[in-house]
file model-v8.cif (mmCIF, N, CA and C atoms)
data_my_file
#
loop_
_atom_site.label_atom_id
_atom_site.label_comp_id
_atom_site.auth_asym_id
_atom_site.auth_seq_id
_atom_site.Cartn_x
_atom_site.Cartn_y
_atom_site.Cartn_z
N MET A 10 7.28 19.52 1.87
CA MET A 10 6.41 18.59 2.54
C MET A 10 4.99 18.78 2.03
N THR A 11 4.37 17.72 1.61
CA THR A 11 3.02 17.77 1.06
C THR A 11 2.03 17.19 2.08
N GLU A 12 0.97 17.96 2.32
CA GLU A 12 -0.08 17.50 3.22
C GLU A 12 -1.30 17.13 2.40
N GLU A 13 -1.98 16.07 2.80
CA GLU A 13 -3.20 15.65 2.11
C GLU A 13 -4.38 15.74 3.06
N PHE A 14 -5.51 16.22 2.51
CA PHE A 14 -6.72 16.38 3.30
C PHE A 14 -7.88 15.72 2.57
N ASN A 15 -8.77 15.09 3.33
CA ASN A 15 -9.98 14.52 2.73
C ASN A 15 -10.86 15.66 2.23
N TYR A 16 -11.38 15.52 1.01
CA TYR A 16 -12.23 16.55 0.41
C TYR A 16 -13.35 15.82 -0.33
N ALA A 17 -14.50 15.69 0.32
CA ALA A 17 -15.61 14.92 -0.25
C ALA A 17 -16.93 15.62 0.10
N PRO A 18 -17.97 15.36 -0.69
CA PRO A 18 -19.27 15.97 -0.38
C PRO A 18 -19.76 15.54 1.00
N PRO A 19 -20.47 16.42 1.69
CA PRO A 19 -20.95 16.05 3.02
C PRO A 19 -22.01 14.96 2.96
N LEU A 20 -22.12 14.21 4.03
CA LEU A 20 -23.09 13.12 4.08
C LEU A 20 -24.53 13.61 4.08
N LYS A 21 -24.73 14.90 4.33
CA LYS A 21 -26.11 15.39 4.33
C LYS A 21 -26.72 15.32 2.92
N HIS A 22 -25.89 15.37 1.88
CA HIS A 22 -26.41 15.18 0.52
C HIS A 22 -26.98 13.78 0.36
N LEU A 23 -26.26 12.80 0.88
CA LEU A 23 -26.73 11.41 0.82
C LEU A 23 -28.01 11.24 1.63
N MET A 24 -28.06 11.81 2.82
CA MET A 24 -29.24 11.67 3.68
C MET A 24 -30.47 12.33 3.08
N VAL A 25 -30.30 13.52 2.50
CA VAL A 25 -31.45 14.20 1.87
C VAL A 25 -31.93 13.39 0.67
N GLY A 26 -31.01 12.79 -0.08
CA GLY A 26 -31.41 11.95 -1.21
C GLY A 26 -32.19 10.73 -0.77
N ILE A 27 -31.75 10.09 0.28
CA ILE A 27 -32.46 8.92 0.79
C ILE A 27 -33.84 9.32 1.34
N CYS A 28 -33.91 10.46 2.02
CA CYS A 28 -35.21 10.94 2.52
C CYS A 28 -36.15 11.26 1.38
N GLY A 29 -35.62 11.77 0.27
CA GLY A 29 -36.45 12.02 -0.90
C GLY A 29 -37.03 10.74 -1.47
N LEU A 30 -36.22 9.68 -1.48
CA LEU A 30 -36.73 8.38 -1.94
C LEU A 30 -37.82 7.84 -1.03
N VAL A 31 -37.63 7.98 0.27
CA VAL A 31 -38.65 7.54 1.23
C VAL A 31 -39.94 8.32 1.03
N LEU A 32 -39.80 9.64 0.86
CA LEU A 32 -40.97 10.49 0.60
C LEU A 32 -41.69 10.06 -0.67
N PHE A 33 -40.92 9.73 -1.70
CA PHE A 33 -41.50 9.28 -2.97
C PHE A 33 -42.33 8.02 -2.77
N PHE A 34 -41.78 7.04 -2.05
CA PHE A 34 -42.51 5.78 -1.87
C PHE A 34 -43.72 5.92 -0.95
N ILE A 35 -43.59 6.68 0.11
CA ILE A 35 -44.71 6.83 1.04
C ILE A 35 -45.86 7.59 0.37
N LEU A 36 -45.55 8.73 -0.23
CA LEU A 36 -46.62 9.50 -0.87
C LEU A 36 -47.12 8.84 -2.15
N GLY A 37 -46.26 8.07 -2.81
CA GLY A 37 -46.68 7.35 -4.00
C GLY A 37 -47.68 6.25 -3.67
N SER A 38 -47.54 5.67 -2.51
CA SER A 38 -48.50 4.64 -2.12
C SER A 38 -49.85 5.23 -1.69
N MET A 39 -49.86 6.53 -1.39
CA MET A 39 -51.11 7.18 -0.97
C MET A 39 -51.94 7.68 -2.15
N ILE A 40 -51.47 7.48 -3.37
CA ILE A 40 -52.21 7.92 -4.55
C ILE A 40 -53.51 7.14 -4.70
N LYS A 41 -53.59 5.96 -4.15
CA LYS A 41 -54.76 5.11 -4.30
C LYS A 41 -55.95 5.54 -3.43
N ILE A 42 -55.81 6.64 -2.70
CA ILE A 42 -56.89 7.12 -1.83
C ILE A 42 -58.08 7.53 -2.70
N ASP A 43 -59.29 7.35 -2.18
CA ASP A 43 -60.52 7.62 -2.94
C ASP A 43 -60.71 9.11 -3.25
N ASN A 44 -60.24 10.00 -2.39
CA ASN A 44 -60.41 11.42 -2.63
C ASN A 44 -59.47 11.87 -3.75
N LEU A 45 -60.03 12.48 -4.81
CA LEU A 45 -59.26 12.84 -5.99
C LEU A 45 -58.22 13.91 -5.68
N TRP A 46 -58.60 14.95 -4.93
CA TRP A 46 -57.67 16.04 -4.66
C TRP A 46 -56.51 15.60 -3.77
N VAL A 47 -56.78 14.80 -2.81
CA VAL A 47 -55.71 14.29 -1.95
C VAL A 47 -54.77 13.40 -2.77
N SER A 48 -55.33 12.63 -3.66
CA SER A 48 -54.54 11.77 -4.52
C SER A 48 -53.63 12.59 -5.44
N ILE A 49 -54.16 13.69 -6.00
CA ILE A 49 -53.36 14.56 -6.88
C ILE A 49 -52.24 15.24 -6.10
N ILE A 50 -52.57 15.75 -4.92
CA ILE A 50 -51.55 16.42 -4.10
C ILE A 50 -50.45 15.43 -3.67
N CYS A 51 -50.84 14.22 -3.29
CA CYS A 51 -49.84 13.20 -2.92
C CYS A 51 -48.97 12.84 -4.12
N GLY A 52 -49.56 12.77 -5.31
CA GLY A 52 -48.79 12.48 -6.51
C GLY A 52 -47.79 13.56 -6.83
N ILE A 53 -48.20 14.83 -6.66
CA ILE A 53 -47.28 15.95 -6.93
C ILE A 53 -46.13 15.93 -5.94
N PHE A 54 -46.43 15.78 -4.64
CA PHE A 54 -45.36 15.74 -3.65
C PHE A 54 -44.49 14.49 -3.79
N SER A 55 -45.06 13.42 -4.27
CA SER A 55 -44.28 12.22 -4.53
C SER A 55 -43.26 12.48 -5.63
N LEU A 56 -43.66 13.15 -6.69
CA LEU A 56 -42.73 13.49 -7.78
C LEU A 56 -41.68 14.49 -7.33
N ILE A 57 -42.07 15.42 -6.45
CA ILE A 57 -41.08 16.36 -5.91
C ILE A 57 -40.04 15.60 -5.08
N GLY A 58 -40.48 14.62 -4.30
CA GLY A 58 -39.55 13.80 -3.53
C GLY A 58 -38.61 13.01 -4.42
N LEU A 59 -39.12 12.50 -5.53
CA LEU A 59 -38.27 11.77 -6.47
C LEU A 59 -37.23 12.69 -7.10
N ALA A 60 -37.65 13.89 -7.50
CA ALA A 60 -36.71 14.85 -8.09
C ALA A 60 -35.64 15.26 -7.08
N MET A 61 -36.05 15.47 -5.83
CA MET A 61 -35.10 15.82 -4.78
C MET A 61 -34.11 14.67 -4.56
N ALA A 62 -34.60 13.47 -4.53
CA ALA A 62 -33.73 12.31 -4.32
C ALA A 62 -32.73 12.17 -5.46
N MET A 63 -33.20 12.28 -6.69
CA MET A 63 -32.30 12.14 -7.84
C MET A 63 -31.25 13.25 -7.83
N GLY A 64 -31.66 14.47 -7.52
CA GLY A 64 -30.72 15.59 -7.52
C GLY A 64 -29.63 15.44 -6.47
N PHE A 65 -30.01 15.16 -5.23
CA PHE A 65 -29.02 15.09 -4.17
C PHE A 65 -28.16 13.84 -4.27
N LEU A 66 -28.72 12.72 -4.69
CA LEU A 66 -27.89 11.52 -4.86
C LEU A 66 -26.91 11.69 -6.02
N THR A 67 -27.34 12.38 -7.07
CA THR A 67 -26.44 12.68 -8.18
C THR A 67 -25.31 13.58 -7.71
N LEU A 68 -25.64 14.62 -6.93
CA LEU A 68 -24.61 15.49 -6.38
C LEU A 68 -23.60 14.70 -5.55
N PHE A 69 -24.10 13.83 -4.72
CA PHE A 69 -23.22 13.10 -3.83
C PHE A 69 -22.29 12.17 -4.59
N PHE A 70 -22.83 11.39 -5.53
CA PHE A 70 -22.00 10.38 -6.19
C PHE A 70 -21.16 10.93 -7.33
N ARG A 71 -21.61 11.96 -8.02
CA ARG A 71 -20.82 12.49 -9.12
C ARG A 71 -19.68 13.37 -8.64
N LYS A 72 -19.82 13.97 -7.49
CA LYS A 72 -18.77 14.87 -7.00
C LYS A 72 -17.83 14.19 -6.02
N ARG A 73 -17.89 12.88 -5.92
CA ARG A 73 -16.95 12.16 -5.07
C ARG A 73 -15.60 12.13 -5.76
N PRO A 74 -14.64 12.84 -5.25
CA PRO A 74 -13.33 12.83 -5.91
C PRO A 74 -12.55 11.56 -5.61
N ALA A 75 -11.72 11.18 -6.53
CA ALA A 75 -10.88 10.01 -6.34
C ALA A 75 -9.61 10.38 -5.58
N ARG A 76 -9.33 11.67 -5.54
CA ARG A 76 -8.10 12.13 -4.89
C ARG A 76 -8.42 13.01 -3.70
N LYS A 77 -7.39 13.41 -3.00
CA LYS A 77 -7.52 14.28 -1.85
C LYS A 77 -7.01 15.67 -2.20
N LEU A 78 -7.39 16.65 -1.39
CA LEU A 78 -6.86 17.99 -1.54
C LEU A 78 -5.43 17.96 -1.03
N ARG A 79 -4.49 18.37 -1.86
CA ARG A 79 -3.08 18.32 -1.50
C ARG A 79 -2.54 19.73 -1.41
N LEU A 80 -1.76 19.97 -0.38
CA LEU A 80 -1.18 21.28 -0.15
C LEU A 80 0.31 21.11 0.08
N GLY A 81 1.10 21.64 -0.84
CA GLY A 81 2.55 21.54 -0.72
C GLY A 81 3.15 22.88 -0.35
N SER A 82 4.46 22.94 -0.39
CA SER A 82 5.13 24.19 -0.03
C SER A 82 4.99 25.26 -1.10
N ASP A 83 4.74 24.85 -2.35
CA ASP A 83 4.60 25.84 -3.41
C ASP A 83 3.42 25.57 -4.34
N PHE A 84 2.51 24.67 -3.98
CA PHE A 84 1.36 24.37 -4.83
C PHE A 84 0.17 23.93 -3.99
N ILE A 85 -1.00 23.98 -4.61
CA ILE A 85 -2.22 23.41 -4.04
C ILE A 85 -2.91 22.64 -5.15
N GLU A 86 -3.37 21.44 -4.84
CA GLU A 86 -4.06 20.60 -5.81
C GLU A 86 -5.48 20.37 -5.29
N ILE A 87 -6.46 20.90 -6.04
CA ILE A 87 -7.86 20.81 -5.65
C ILE A 87 -8.52 19.74 -6.52
N PRO A 88 -9.04 18.67 -5.91
CA PRO A 88 -9.67 17.61 -6.71
C PRO A 88 -10.99 18.08 -7.29
N GLY A 89 -11.32 17.52 -8.44
CA GLY A 89 -12.59 17.85 -9.09
C GLY A 89 -13.34 16.59 -9.43
N ARG A 90 -14.41 16.76 -10.19
CA ARG A 90 -15.20 15.60 -10.61
C ARG A 90 -14.40 14.75 -11.58
N ARG A 91 -14.53 13.46 -11.44
CA ARG A 91 -13.90 12.48 -12.33
C ARG A 91 -12.41 12.73 -12.54
N GLY A 92 -11.74 13.21 -11.50
CA GLY A 92 -10.30 13.36 -11.57
C GLY A 92 -9.80 14.56 -12.35
N ASP A 93 -10.65 15.51 -12.73
CA ASP A 93 -10.20 16.66 -13.50
C ASP A 93 -9.98 17.87 -12.59
N GLY A 94 -9.25 17.70 -11.54
CA GLY A 94 -8.99 18.77 -10.59
C GLY A 94 -7.98 19.75 -11.15
N ALA A 95 -7.58 20.68 -10.30
CA ALA A 95 -6.63 21.70 -10.72
C ALA A 95 -5.42 21.68 -9.80
N LYS A 96 -4.26 21.78 -10.40
CA LYS A 96 -3.02 21.90 -9.64
C LYS A 96 -2.50 23.31 -9.90
N LEU A 97 -2.45 24.11 -8.84
CA LEU A 97 -2.05 25.50 -8.97
C LEU A 97 -0.76 25.76 -8.21
N ASN A 98 0.20 26.34 -8.90
CA ASN A 98 1.38 26.84 -8.20
C ASN A 98 0.99 28.15 -7.54
N PHE A 99 1.59 28.44 -6.40
CA PHE A 99 1.23 29.67 -5.69
C PHE A 99 1.56 30.90 -6.52
N SER A 100 2.55 30.81 -7.42
CA SER A 100 2.89 31.95 -8.26
C SER A 100 1.83 32.22 -9.33
N GLU A 101 1.01 31.22 -9.67
CA GLU A 101 -0.05 31.39 -10.67
C GLU A 101 -1.32 32.01 -10.09
N ILE A 102 -1.45 32.03 -8.78
CA ILE A 102 -2.68 32.52 -8.16
C ILE A 102 -2.73 34.03 -8.27
N GLN A 103 -3.84 34.53 -8.82
CA GLN A 103 -4.04 35.97 -8.98
C GLN A 103 -4.68 36.60 -7.75
N ASP A 104 -5.64 35.90 -7.16
CA ASP A 104 -6.34 36.46 -6.01
C ASP A 104 -6.92 35.32 -5.16
N ILE A 105 -6.88 35.51 -3.87
CA ILE A 105 -7.54 34.60 -2.94
C ILE A 105 -8.53 35.45 -2.17
N GLY A 106 -9.80 35.12 -2.30
CA GLY A 106 -10.82 35.95 -1.68
C GLY A 106 -11.68 35.21 -0.69
N GLU A 107 -12.39 35.99 0.09
CA GLU A 107 -13.42 35.52 1.00
C GLU A 107 -12.89 34.48 1.99
N PHE A 108 -11.91 34.88 2.77
CA PHE A 108 -11.41 33.99 3.81
C PHE A 108 -12.42 33.82 4.94
N ASP A 109 -13.01 34.90 5.37
CA ASP A 109 -13.90 34.86 6.53
C ASP A 109 -15.31 35.25 6.12
N THR A 110 -16.06 34.32 5.57
CA THR A 110 -17.45 34.55 5.20
C THR A 110 -18.33 33.63 6.02
N TYR A 111 -19.62 33.90 5.99
CA TYR A 111 -20.55 33.09 6.77
C TYR A 111 -20.66 31.67 6.23
N ASP A 112 -20.44 31.47 4.92
CA ASP A 112 -20.56 30.12 4.36
C ASP A 112 -19.23 29.39 4.28
N ASN A 113 -18.15 30.01 4.76
CA ASN A 113 -16.83 29.37 4.84
C ASN A 113 -16.39 28.77 3.52
N VAL A 114 -16.18 29.62 2.55
CA VAL A 114 -15.70 29.22 1.23
C VAL A 114 -14.47 30.05 0.91
N ILE A 115 -13.44 29.40 0.42
CA ILE A 115 -12.25 30.11 -0.06
C ILE A 115 -12.31 30.12 -1.58
N ILE A 116 -12.23 31.30 -2.16
CA ILE A 116 -12.26 31.44 -3.62
C ILE A 116 -10.85 31.76 -4.10
N ILE A 117 -10.35 30.91 -4.99
CA ILE A 117 -9.01 31.09 -5.54
C ILE A 117 -9.14 31.39 -7.03
N GLU A 118 -8.63 32.54 -7.44
CA GLU A 118 -8.66 32.92 -8.85
C GLU A 118 -7.25 32.80 -9.42
N SER A 119 -7.16 32.13 -10.56
CA SER A 119 -5.86 31.95 -11.20
C SER A 119 -6.04 32.06 -12.71
N HIS A 120 -4.96 31.80 -13.44
CA HIS A 120 -5.03 31.83 -14.90
C HIS A 120 -5.90 30.68 -15.42
N GLN A 121 -6.02 29.60 -14.67
CA GLN A 121 -6.82 28.45 -15.09
C GLN A 121 -8.31 28.64 -14.82
N GLY A 122 -8.70 29.64 -14.03
CA GLY A 122 -10.10 29.88 -13.72
C GLY A 122 -10.29 30.09 -12.23
N THR A 123 -11.54 30.01 -11.80
CA THR A 123 -11.90 30.20 -10.40
C THR A 123 -12.14 28.84 -9.75
N HIS A 124 -11.57 28.65 -8.58
CA HIS A 124 -11.68 27.39 -7.85
C HIS A 124 -12.20 27.66 -6.45
N LEU A 125 -13.04 26.77 -5.94
CA LEU A 125 -13.61 26.91 -4.61
C LEU A 125 -13.14 25.80 -3.70
N ILE A 126 -12.91 26.15 -2.46
CA ILE A 126 -12.66 25.17 -1.41
C ILE A 126 -13.74 25.43 -0.37
N GLU A 127 -14.62 24.45 -0.17
CA GLU A 127 -15.76 24.63 0.72
C GLU A 127 -15.50 23.97 2.07
N ARG A 128 -15.88 24.65 3.13
CA ARG A 128 -15.68 24.17 4.49
C ARG A 128 -16.49 22.91 4.77
N GLU A 129 -17.72 22.84 4.26
CA GLU A 129 -18.55 21.69 4.60
C GLU A 129 -18.06 20.41 3.94
N TRP A 130 -17.13 20.50 3.02
CA TRP A 130 -16.58 19.32 2.36
C TRP A 130 -15.35 18.77 3.10
N MET A 131 -14.92 19.48 4.18
CA MET A 131 -13.72 19.09 4.92
C MET A 131 -14.01 19.13 6.41
N LYS A 132 -13.11 18.54 7.18
CA LYS A 132 -13.17 18.69 8.62
C LYS A 132 -12.76 20.12 8.97
N LYS A 133 -13.33 20.64 10.04
CA LYS A 133 -13.09 22.04 10.40
C LYS A 133 -11.61 22.32 10.66
N LYS A 134 -10.93 21.41 11.37
CA LYS A 134 -9.52 21.61 11.69
C LYS A 134 -8.67 21.63 10.42
N GLU A 135 -8.96 20.73 9.50
CA GLU A 135 -8.20 20.68 8.24
C GLU A 135 -8.47 21.92 7.39
N PHE A 136 -9.72 22.38 7.37
CA PHE A 136 -10.06 23.59 6.62
C PHE A 136 -9.31 24.79 7.18
N GLU A 137 -9.23 24.89 8.49
CA GLU A 137 -8.52 26.01 9.12
C GLU A 137 -7.03 25.95 8.80
N MET A 138 -6.45 24.75 8.70
CA MET A 138 -5.05 24.62 8.33
C MET A 138 -4.81 25.08 6.90
N VAL A 139 -5.70 24.69 5.98
CA VAL A 139 -5.58 25.11 4.58
C VAL A 139 -5.74 26.61 4.48
N LYS A 140 -6.71 27.15 5.20
CA LYS A 140 -6.96 28.60 5.16
C LYS A 140 -5.76 29.37 5.70
N ALA A 141 -5.17 28.90 6.79
CA ALA A 141 -4.00 29.57 7.36
C ALA A 141 -2.82 29.55 6.40
N LYS A 142 -2.60 28.40 5.75
CA LYS A 142 -1.48 28.29 4.80
C LYS A 142 -1.70 29.21 3.60
N LEU A 143 -2.93 29.23 3.06
CA LEU A 143 -3.21 30.09 1.92
C LEU A 143 -3.10 31.57 2.30
N ARG A 144 -3.56 31.91 3.49
CA ARG A 144 -3.44 33.31 3.94
C ARG A 144 -1.98 33.69 4.09
N GLU A 145 -1.18 32.80 4.62
CA GLU A 145 0.25 33.05 4.79
C GLU A 145 0.92 33.25 3.44
N VAL A 146 0.61 32.38 2.50
CA VAL A 146 1.20 32.48 1.16
C VAL A 146 0.73 33.75 0.46
N TRP A 147 -0.55 34.07 0.59
CA TRP A 147 -1.08 35.23 -0.11
C TRP A 147 -0.50 36.52 0.46
N VAL A 148 -0.34 36.60 1.76
CA VAL A 148 0.25 37.79 2.37
C VAL A 148 1.70 37.95 1.94
N SER A 149 2.44 36.86 1.86
CA SER A 149 3.83 36.93 1.41
C SER A 149 3.94 37.29 -0.07
N GLU A 150 2.99 36.81 -0.90
CA GLU A 150 2.99 37.14 -2.33
C GLU A 150 2.66 38.62 -2.54
N VAL A 151 1.66 39.11 -1.81
CA VAL A 151 1.25 40.52 -1.97
C VAL A 151 2.33 41.45 -1.45
N SER A 152 2.97 41.10 -0.34
CA SER A 152 4.02 41.95 0.20
C SER A 152 5.27 41.93 -0.68
N ALA A 153 5.47 40.86 -1.46
CA ALA A 153 6.61 40.80 -2.37
C ALA A 153 6.45 41.72 -3.55
N ILE A 154 5.21 42.03 -3.89
CA ILE A 154 4.92 42.92 -5.04
C ILE A 154 5.08 44.31 -4.60
#
call {"tool": "encode", "arguments": {"input": "model-v8.cif", "output": "structure tokens"}}
result
Amino acid sequence: MTEEFNYAPPLKHLMVGICGLVLFFILGSMIKIDNLWVSIICGIFSLIGLAMAMGFLTLFFRKRPARKLRLGSDFIEIPGRRGDGAKLNFSEIQDIGEFDTYDNVIIIESHQGTHLIEREWMKKKEFEMVKAKLREVWVSEVSAI
């Protein structure tokens, strides 16, 4: 039985990007002030807002996966950028680390490389289900050795 979970960047990336654009336009319009130093400071913060907006909007739109995180009885498929995700059989996994950390990230090490599953990219209930399944599989794999 294969379960599918939504795995997408959080909306806070989109909101911070939009706020950066608003900051850019508001402070950019204040450059016309007669005081030179205030005008320079507004210009610098306006450019910082533009850079912040471009960065967070790029993060949000480029990391939108076309697929979902899939968890089967013997594999896990983690979506990546532009459809280049990883499909890992549980037998290929070398180590699963950091189940209970403050930032809620599961690190999976395999022959294909290191893969992350982040809590903020999923609903809490779905993340806990994935974490429980991976912990169950990892404990059974380690005890088999």
call {"tool": "residues_around", "arguments": {"input": "model-v8.cif", "residues": "stretch 30-43 of chain A", "least_positions_apart": "3", "cutoff": "8 Å", "atoms": "only C-alpha atoms", "output": "number ranges by chain"}}
result
A: 26-27, 47-49, 51-52, 54-59, 62
call {"tool": "residues_around", "arguments": {"input": "model-v8.cif", "residues": "stretch 78-85 of chain A", "least_positions_apart": "4", "cutoff": "7 Å", "atoms": "only N, CA and C atoms", "output": "list in words"}}
result
Met10, Thr11, Glu12, Glu13, Phe14, Asn15, Tyr16, Ala95, Lys96, Leu97, Asn98, Phe99 and Ser100 of chain A
call {"tool": "atom_distance", "arguments": {"input": "model-v8.cif", "atom1": "atom CA of A:Leu125", "atom2": "atom CA of A:Lys77"}}
result
14.3 Å
call {"tool": "atom_distance", "arguments": {"input": "model-v8.cif", "atom1": "atom N of A:Leu20", "atom2": "atom N of A:Met131"}}
result
8.9 Å
call {"tool": "residues_near_point", "arguments": {"input": "model-v8.cif", "point": "(-25.1, 18.0, -4.9)", "cutoff": "10 Å", "atoms": "only C-alpha atoms", "output": "short mmCIF file (atom, residue, chain, number, x, y, z; two decimals) with N, CA and C atoms, in the coordinates of the input"}}
result
data_model
loop_
_atom_site.label_atom_id
_atom_site.label_comp_id
_atom_site.auth_asym_id
_atom_site.auth_seq_id
_atom_site.Cartn_x
_atom_site.Cartn_y
_atom_site.Cartn_z
N PRO A 18 -17.97 15.36 -0.69
CA PRO A 18 -19.27 15.97 -0.38
C PRO A 18 -19.76 15.54 1.00
N PRO A 19 -20.47 16.42 1.69
CA PRO A 19 -20.95 16.05 3.02
C PRO A 19 -22.01 14.96 2.96
N LYS A 21 -24.73 14.90 4.33
CA LYS A 21 -26.11 15.39 4.33
C LYS A 21 -26.72 15.32 2.92
N HIS A 22 -25.89 15.37 1.88
CA HIS A 22 -26.41 15.18 0.52
C HIS A 22 -26.98 13.78 0.36
N LEU A 23 -26.26 12.80 0.88
CA LEU A 23 -26.73 11.41 0.82
C LEU A 23 -28.01 11.24 1.63
N GLY A 26 -31.01 12.79 -0.08
CA GLY A 26 -31.41 11.95 -1.21
C GLY A 26 -32.19 10.73 -0.77
N MET A 63 -33.20 12.28 -6.69
CA MET A 63 -32.30 12.14 -7.84
C MET A 63 -31.25 13.25 -7.83
N GLY A 64 -31.66 14.47 -7.52
CA GLY A 64 -30.72 15.59 -7.52
C GLY A 64 -29.63 15.44 -6.47
N PHE A 65 -30.01 15.16 -5.23
CA PHE A 65 -29.02 15.09 -4.17
C PHE A 65 -28.16 13.84 -4.27
N LEU A 66 -28.72 12.72 -4.69
CA LEU A 66 -27.89 11.52 -4.86
C LEU A 66 -26.91 11.69 -6.02
N THR A 67 -27.34 12.38 -7.07
CA THR A 67 -26.44 12.68 -8.18
C THR A 67 -25.31 13.58 -7.71
N LEU A 68 -25.64 14.62 -6.93
CA LEU A 68 -24.61 15.49 -6.38
C LEU A 68 -23.60 14.70 -5.55
N PHE A 69 -24.10 13.83 -4.72
CA PHE A 69 -23.22 13.10 -3.83
C PHE A 69 -22.29 12.17 -4.59
N PHE A 70 -22.83 11.39 -5.53
CA PHE A 70 -22.00 10.38 -6.19
C PHE A 70 -21.16 10.93 -7.33
N ARG A 71 -21.61 11.96 -8.02
CA ARG A 71 -20.82 12.49 -9.12
C ARG A 71 -19.68 13.37 -8.64
N LYS A 72 -19.82 13.97 -7.49
CA LYS A 72 -18.77 14.87 -7.00
C LYS A 72 -17.83 14.19 -6.02
#
call {"tool": "select_by_dssp", "arguments": {"input": "model-v8.cif", "residues": "stretch 31-79 of chain A", "states": "alpha helix (DSSP H)", "output": "PyMOL selection string"}}
result
chain A and resi 31-38+45-71
call {"tool": "select_by_dssp", "arguments": {"input": "model-v8.cif", "residues": "stretch 22-92 of chain A", "states": "strand (DSSP E)", "output": "tab-separated table (two decimals) with N, CA and C atoms, in the coordinates of the input"}}
result
chain	number	residue	atom	x	y	z
A	78	LEU	N	-7.39	16.65	-1.39
A	78	LEU	CA	-6.86	17.99	-1.54
A	78	LEU	C	-5.43	17.96	-1.03
A	79	ARG	N	-4.49	18.37	-1.86
A	79	ARG	CA	-3.08	18.32	-1.50
A	79	ARG	C	-2.54	19.73	-1.41
A	80	LEU	N	-1.76	19.97	-0.38
A	80	LEU	CA	-1.18	21.28	-0.15
A	80	LEU	C	0.31	21.11	0.08
A	84	PHE	N	2.51	24.67	-3.98
A	84	PHE	CA	1.36	24.37	-4.83
A	84	PHE	C	0.17	23.93	-3.99
A	85	ILE	N	-1.00	23.98	-4.61
A	85	ILE	CA	-2.22	23.41	-4.04
A	85	ILE	C	-2.91	22.64	-5.15
A	86	GLU	N	-3.37	21.44	-4.84
A	86	GLU	CA	-4.06	20.60	-5.81
A	86	GLU	C	-5.48	20.37	-5.29
A	87	ILE	N	-6.46	20.90	-6.04
A	87	ILE	CA	-7.86	20.81	-5.65
A	87	ILE	C	-8.52	19.74	-6.52
call {"tool": "closest_residue", "arguments": {"input": "model-v8.cif", "among": "A:Met24, A:Glu101, A:Ile87, A:Ala60", "to": "A:Val146", "atoms": "only C-alpha atoms"}}
result
A:Glu101
call {"tool": "atom_distance", "arguments": {"input": "model-v8.cif", "atom1": "atom CA of A:Gly89", "atom2": "atom CA of A:Arg73"}}
result
8.2 Å
call {"tool": "residues_near_point", "arguments": {"input": "model-v8.cif", "point": "(-4.4, 33.7, -8.7)", "cutoff": "8 Å", "atoms": "only C-alpha atoms", "output": "list in words"}}
result
Phe99, Ser100, Glu101, Ile102, Gln103, Asp104, Ile105, Ile117, Glu118, Ser119 and His120 of chain A
call {"tool": "closest_residue", "arguments": {"input": "model-v8.cif", "among": "A:Val25, A:Thr123, A:Ala141, A:Asp112", "to": "A:Met61", "atoms": "only C-alpha atoms"}}
result
A:Val25
call {"tool": "closest_residue", "arguments": {"input": "model-v8.cif", "among": "A:Ile115, A:Trp46, A:Glu129, A:Gly94", "to": "A:Lys142", "atoms": "only C-alpha atoms"}}
result
A:Ile115
